[in-house]
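K.L.:
Take a look at my_file_23.cif, mmCIF, C-alpha atoms:
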data_work
#
loop_
_atom_site.label_atom_id
_atom_site.label_comp_id
_atom_site.auth_asym_id
_atom_site.auth_seq_id
_atom_site.Cartn_x
_atom_site.Cartn_y
_atom_site.Cartn_z
CA MET A 1 126.32 117.86 109.12
CA ARG A 2 124.64 114.59 108.03
CA SER A 3 122.62 114.39 104.89
CA ILE A 4 119.43 112.35 104.53
CA SER A 5 121.29 109.95 102.24
CA ASP A 6 123.68 109.13 105.09
CA GLY A 7 120.74 107.55 106.94
CA PRO A 8 119.76 108.23 110.52
CA ALA A 9 122.45 109.15 113.02
CA LYS A 10 123.45 106.40 115.44
CA PRO A 11 121.65 107.12 118.71
CA THR A 12 123.54 107.66 121.95
CA THR A 13 122.92 105.34 124.91
CA GLY A 14 120.29 107.69 126.36
CA GLU A 15 118.63 108.13 122.98
CA GLN A 16 118.65 104.34 122.46
CA ALA A 17 116.87 103.89 125.80
CA THR A 18 114.23 106.38 124.65
CA VAL A 19 113.89 104.54 121.33
CA ASP A 20 113.43 101.25 123.20
CA VAL A 21 110.70 102.77 125.40
CA ILE A 22 108.94 104.15 122.30
CA LEU A 23 109.12 100.73 120.65
CA THR A 24 107.67 99.09 123.75
CA GLU A 25 104.81 101.59 123.84
CA VAL A 26 104.02 101.34 120.13
CA GLY A 27 104.25 97.54 120.23
CA GLY A 28 101.91 97.48 123.20
CA TRP A 29 99.18 99.55 121.60
CA ILE A 30 99.49 97.80 118.24
CA GLY A 31 99.13 94.46 120.03
CA GLU A 32 96.06 95.64 121.91
CA LEU A 33 94.46 96.94 118.71
CA ARG A 34 95.28 93.70 116.89
CA CYS A 35 93.69 91.60 119.65
CA ALA A 36 90.62 93.84 119.73
CA SER A 37 90.17 93.57 115.97
CA MET A 38 90.52 89.78 116.05
CA GLY A 39 87.15 89.48 117.77
CA ARG A 40 85.50 91.27 114.85
CA LEU A 41 87.20 88.96 112.35
CA VAL A 42 86.18 85.82 114.25
CA GLN A 43 82.57 87.04 114.31
CA SER A 44 82.60 87.60 110.55
CA ASN A 45 84.35 84.25 109.87
CA VAL A 46 87.32 85.87 108.12
CA SER A 47 90.69 84.41 109.09
CA MET A 48 93.80 86.50 109.63
CA THR A 49 95.34 84.96 106.51
CA GLN A 50 92.28 85.88 104.47
CA MET A 51 92.34 89.41 105.87
CA HIS A 52 96.05 89.65 105.08
CA VAL A 53 95.34 88.67 101.47
CA LEU A 54 92.57 91.28 101.27
CA TRP A 55 94.89 93.97 102.67
CA LEU A 56 97.57 93.02 100.13
CA LEU A 57 95.07 93.17 97.28
CA GLN A 58 93.70 96.49 98.52
CA HIS A 59 97.20 97.93 98.75
CA GLN A 60 98.66 96.46 95.55
CA GLY A 61 95.68 95.73 93.32
CA GLU A 62 95.06 92.43 91.60
CA MET A 63 97.86 89.87 91.80
CA SER A 64 98.80 86.54 90.29
CA MET A 65 98.44 83.38 92.35
CA SER A 66 102.21 82.87 92.32
CA ARG A 67 102.75 86.40 93.67
CA ILE A 68 100.25 85.84 96.48
CA ALA A 69 101.97 82.55 97.36
CA GLU A 70 105.32 84.35 97.44
CA LEU A 71 104.05 87.17 99.68
CA LEU A 72 102.34 84.72 102.04
CA ASP A 73 105.46 82.51 101.99
CA VAL A 74 103.43 79.41 101.16
CA SER A 75 103.46 76.95 98.28
CA LEU A 76 101.35 77.64 95.22
CA SER A 77 99.06 74.73 96.16
CA ASN A 78 98.52 76.21 99.65
CA ALA A 79 97.80 79.64 98.15
CA THR A 80 95.34 78.00 95.76
CA GLY A 81 93.55 76.37 98.70
CA ILE A 82 93.35 79.72 100.50
CA MET A 83 92.00 81.39 97.35
CA ASP A 84 89.49 78.54 96.84
CA ARG A 85 88.07 79.09 100.34
CA MET A 86 88.05 82.87 99.87
CA ALA A 87 86.32 82.55 96.48
CA GLU A 88 83.68 80.20 97.96
CA ARG A 89 82.86 82.91 100.53
CA GLY A 90 82.79 85.62 97.88
CA LEU A 91 85.85 87.41 99.30
CA VAL A 92 87.92 87.27 96.09
CA GLU A 93 87.43 86.77 92.37
CA ARG A 94 89.78 85.07 89.95
CA VAL A 95 90.16 86.72 86.56
CA ARG A 96 91.95 85.25 83.56
CA VAL A 97 94.14 87.67 81.64
CA PRO A 98 92.63 87.96 78.12
CA ASN A 99 95.93 87.82 76.21
CA ASP A 100 97.35 84.97 78.37
CA ARG A 101 94.56 82.66 79.57
CA ARG A 102 97.09 80.69 81.66
CA LEU A 103 97.62 83.71 83.94
CA VAL A 104 95.01 84.04 86.69
CA LEU A 105 94.80 87.25 88.68
CA VAL A 106 93.05 87.57 92.03
CA LYS A 107 91.14 90.67 93.09
CA PRO A 108 88.83 91.49 95.99
CA ALA A 109 85.15 90.67 95.43
CA ALA A 110 82.18 92.51 96.95
CA ALA A 111 82.25 90.51 100.22
CA GLY A 112 86.01 91.05 100.50
CA LEU A 113 85.62 94.79 100.06
CA GLU A 114 82.85 94.73 102.68
CA ALA A 115 85.11 92.83 105.12
CA LEU A 116 87.82 95.46 104.59
CA SER A 117 85.30 98.25 105.10
CA GLN A 118 83.88 96.70 108.28
CA THR A 119 87.36 96.20 109.69
CA GLU A 120 88.28 99.82 108.95
CA THR A 121 85.00 101.10 110.42
CA SER A 122 85.52 99.03 113.56
CA LYS A 123 89.13 100.20 113.87
CA ARG A 124 88.14 103.85 113.47
CA ALA A 125 85.37 103.52 116.05
CA ARG A 126 87.79 101.95 118.51
CA MET A 127 90.41 104.65 117.90
CA ARG A 128 87.76 107.39 118.24
CA ALA A 129 86.88 105.96 121.67
CA VAL A 130 90.57 105.79 122.62
CA ILE A 131 91.19 109.38 121.53
CA GLY A 132 88.14 110.38 123.55
CA HIS A 133 90.13 109.47 126.67
CA LEU A 134 92.76 112.10 125.82
CA SER A 135 92.45 115.62 127.16
CA ALA A 136 91.99 118.56 124.80
CA ALA A 137 95.60 119.54 125.56
CA GLU A 138 96.97 116.05 124.79
CA ARG A 139 95.31 115.66 121.39
CA PRO A 140 97.46 118.18 119.42
CA VAL A 141 100.62 116.70 120.97
CA VAL A 142 99.58 113.19 119.93
CA LEU A 143 98.67 114.43 116.44
CA SER A 144 102.06 116.08 116.01
CA ALA A 145 103.88 112.95 117.21
CA LEU A 146 101.86 110.70 114.90
CA ARG A 147 102.56 112.93 111.92
CA SER A 148 106.27 112.77 112.72
CA LEU A 149 106.12 108.98 112.97
CA ARG A 150 104.24 108.75 109.66
CA ARG A 151 106.87 110.88 107.90
CA ALA A 152 109.63 108.70 109.32
CA LEU A 153 107.77 105.52 108.35
CA SER A 154 107.24 106.78 104.80
CA ALA A 155 110.93 107.64 104.48
CA GLU A 156 111.95 104.21 105.78
CA VAL A 157 109.51 102.27 103.59
CA GLU A 158 110.43 104.19 100.44
CA SER A 159 114.13 103.55 100.98
CA SER A 160 113.74 99.87 101.86
CA PRO A 161 114.83 97.44 99.13
CA VAL A 162 112.71 94.75 100.82
CA HIS A 163 109.54 96.82 100.32
CA GLN A 164 110.48 97.62 96.76
CA HIS A 165 111.16 93.95 96.01
CA HIS A 166 108.04 92.55 97.68
CA PHE A 167 105.59 95.07 96.33
CA THR A 168 106.77 95.53 92.78
CA GLU A 169 105.50 93.00 90.31
CA ALA A 170 105.45 93.12 86.57
CA VAL A 171 102.57 91.18 85.11
CA SER A 172 103.80 89.59 81.92
#
Let me see the file written as structure tokens.
P.N.:
Amino acid sequence: MRSISDGPAKPTTGEQATVDVILTEVGGWIGELRCASMGRLVQSNVSMTQMHVLWLLQHQGEMSMSRIAELLDVSLSNATGIMDRMAERGLVERVRVPNDRRLVLVKPAAAGLEALSQTETSKRARMRAVIGHLSAAERPVVLSALRSLRRALSAEVESSPVHQHHFTEAVS
């Protein structure tokens, strides 16, 4: 018997084919949702990079400029340019740390929080319409499958050293 610490069992050829089909399906619907949400972002003049920064800040809280540059995989000067444009539009605020005035933290501003809210509202409305196309019998099956996927995702993310490295920052 395998324990959870052993990791997932290696799938058989038939199971691997099923995994590949699942990945194709999930990738397809994520791609369609991403494309659909892009229209909303273009209309509100928020770039994907700016939205990515807002999602990171929403998920992690305020961050230093160097941390944002690292997570975006850009130079500090490029991150500063991105933050300048976001600050001009009222999407983010820069805050100096009182006990170390050299350290500047970035947090979402009112317009940034509104952009996040609008994106979430739009996404929920789209998903509500999609779910409306499912039959009453299909909905509980989909719910059960999604809950299983969420549990598996949580287990994978929590055990991933990459996630722990990228989303753990000590502010000095």
K.L.:
For a quick check of understanding, using only C-alpha atoms, which of A:Ala125, A:Glu138, A:Glu62, A:Asp73 has the smallest distance to Leu105 in chain A?
P.N.:
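Ranking A:Ala125, A:Glu138, A:Glu62, A:Asp73 by distance to Leu105 in chain A, first place goes to A:Glu62.
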K.L.:
Enclose range 56-71 of chain A, meaning all of its atoms listed in the file, in a box aligned along x, y and z, pad it by 5 Å on each side, and list the centre and edge lengths in Å to one decimal, as AutoDock Vina command-line options.
P.N.:
--center_x 99.5 --center_y 90.2 --center_z 95.2 --size_x 21.6 --size_y 25.4 --size_z 19.8
K.L.:
One number please: CA of Arg34 in chain A to CA of Ser122 in chain A, in Å, one decimal.
P.N.:
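Result for CA of Arg34 in chain A versus CA of Ser122 in chain A: 11.6 Å, one decimal.
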K.L.:
Tell me, in Å to one decimal, how far CA of Glu93 in chain A is from CA of Pro108 in chain A.
P.N.:
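Value for the CA of Glu93 in chain A-CA of Pro108 in chain A distance: 6.1 Å.
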K.L.:
Which residue is closest to Leu103 in chain A? Choose from A:Glu88, A:Arg139, A:Ser66, A:Thr119 and count only C-alpha atoms.
P.N.:
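Once distances to Leu103 in chain A are computed over only C-alpha atoms, the minimum belongs to A:Ser66.
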K.L.:
Have range 50-61 of chain A completed to all heavy atoms, please, and pass it along as a short mmCIF file (atom, residue, chain, number, x, y, z; two decimals), keeping the file's coordinate frame.
P.N.:
data_model
loop_
_atom_site.label_atom_id
_atom_site.label_comp_id
_atom_site.auth_asym_id
_atom_site.auth_seq_id
_atom_site.Cartn_x
_atom_site.Cartn_y
_atom_site.Cartn_z
N GLN A 50 93.18 85.32 105.47
CA GLN A 50 92.28 85.88 104.47
C GLN A 50 92.28 87.40 104.53
O GLN A 50 92.31 88.07 103.50
CB GLN A 50 90.86 85.34 104.66
CG GLN A 50 90.77 83.86 104.35
CD GLN A 50 89.44 83.26 104.76
OE1 GLN A 50 88.68 83.82 105.55
NE2 GLN A 50 89.15 82.08 104.22
N MET A 51 92.30 87.95 105.73
CA MET A 51 92.34 89.41 105.87
C MET A 51 93.66 89.95 105.33
O MET A 51 93.68 90.99 104.67
CB MET A 51 92.15 89.79 107.35
CG MET A 51 91.67 91.17 107.56
SD MET A 51 89.98 91.33 106.96
CE MET A 51 90.03 92.99 106.42
N HIS A 52 94.74 89.24 105.59
CA HIS A 52 96.05 89.65 105.08
C HIS A 52 96.03 89.71 103.56
O HIS A 52 96.53 90.67 102.96
CB HIS A 52 97.13 88.69 105.59
CG HIS A 52 98.51 89.07 105.21
ND1 HIS A 52 99.15 90.19 105.70
CD2 HIS A 52 99.39 88.49 104.35
CE1 HIS A 52 100.35 90.28 105.16
NE2 HIS A 52 100.52 89.27 104.34
N VAL A 53 95.45 88.69 102.93
CA VAL A 53 95.34 88.67 101.47
C VAL A 53 94.52 89.87 101.00
O VAL A 53 94.90 90.57 100.05
CB VAL A 53 94.72 87.35 100.97
CG1 VAL A 53 94.34 87.44 99.50
CG2 VAL A 53 95.67 86.18 101.21
N LEU A 54 93.41 90.14 101.66
CA LEU A 54 92.57 91.28 101.27
C LEU A 54 93.32 92.60 101.41
O LEU A 54 93.22 93.48 100.55
CB LEU A 54 91.27 91.30 102.08
CG LEU A 54 90.29 90.17 101.75
CD1 LEU A 54 89.16 90.13 102.78
CD2 LEU A 54 89.76 90.31 100.34
N TRP A 55 94.10 92.75 102.49
CA TRP A 55 94.89 93.97 102.67
C TRP A 55 95.93 94.10 101.56
O TRP A 55 96.16 95.18 101.04
CB TRP A 55 95.56 94.00 104.04
CG TRP A 55 94.65 94.37 105.17
CD1 TRP A 55 93.64 95.29 105.17
CD2 TRP A 55 94.68 93.82 106.48
NE1 TRP A 55 93.03 95.35 106.40
CE2 TRP A 55 93.65 94.45 107.24
CE3 TRP A 55 95.46 92.86 107.11
CZ2 TRP A 55 93.39 94.16 108.57
CZ3 TRP A 55 95.20 92.57 108.44
CH2 TRP A 55 94.19 93.22 109.15
N LEU A 56 96.58 92.98 101.22
CA LEU A 56 97.57 93.02 100.13
C LEU A 56 96.91 93.43 98.82
O LEU A 56 97.44 94.26 98.08
CB LEU A 56 98.23 91.65 99.96
CG LEU A 56 99.25 91.23 101.02
CD1 LEU A 56 99.62 89.77 100.84
CD2 LEU A 56 100.48 92.12 100.95
N LEU A 57 95.77 92.84 98.52
CA LEU A 57 95.07 93.17 97.28
C LEU A 57 94.59 94.62 97.27
O LEU A 57 94.63 95.29 96.25
CB LEU A 57 93.89 92.21 97.06
CG LEU A 57 94.27 90.76 96.80
CD1 LEU A 57 93.02 89.87 96.82
CD2 LEU A 57 95.03 90.60 95.51
N GLN A 58 94.14 95.10 98.42
CA GLN A 58 93.70 96.49 98.52
C GLN A 58 94.88 97.43 98.28
O GLN A 58 94.76 98.43 97.57
CB GLN A 58 93.09 96.75 99.90
CG GLN A 58 92.60 98.18 100.10
CD GLN A 58 92.10 98.41 101.52
OE1 GLN A 58 92.73 97.98 102.50
NE2 GLN A 58 90.96 99.05 101.63
N HIS A 59 96.02 97.08 98.84
CA HIS A 59 97.20 97.93 98.75
C HIS A 59 97.85 97.87 97.37
O HIS A 59 98.29 98.88 96.83
CB HIS A 59 98.21 97.52 99.83
CG HIS A 59 99.43 98.37 99.90
ND1 HIS A 59 99.42 99.66 100.36
CD2 HIS A 59 100.71 98.11 99.55
CE1 HIS A 59 100.64 100.16 100.29
NE2 HIS A 59 101.45 99.24 99.81
N GLN A 60 97.90 96.67 96.78
CA GLN A 60 98.66 96.46 95.55
C GLN A 60 97.81 96.29 94.31
O GLN A 60 98.33 96.33 93.21
CB GLN A 60 99.54 95.23 95.70
CG GLN A 60 100.60 95.36 96.74
CD GLN A 60 101.55 96.49 96.43
OE1 GLN A 60 102.05 96.59 95.32
NE2 GLN A 60 101.80 97.34 97.39
N GLY A 61 96.52 96.03 94.47
CA GLY A 61 95.68 95.73 93.32
C GLY A 61 95.74 94.24 93.02
O GLY A 61 96.34 93.46 93.75
#
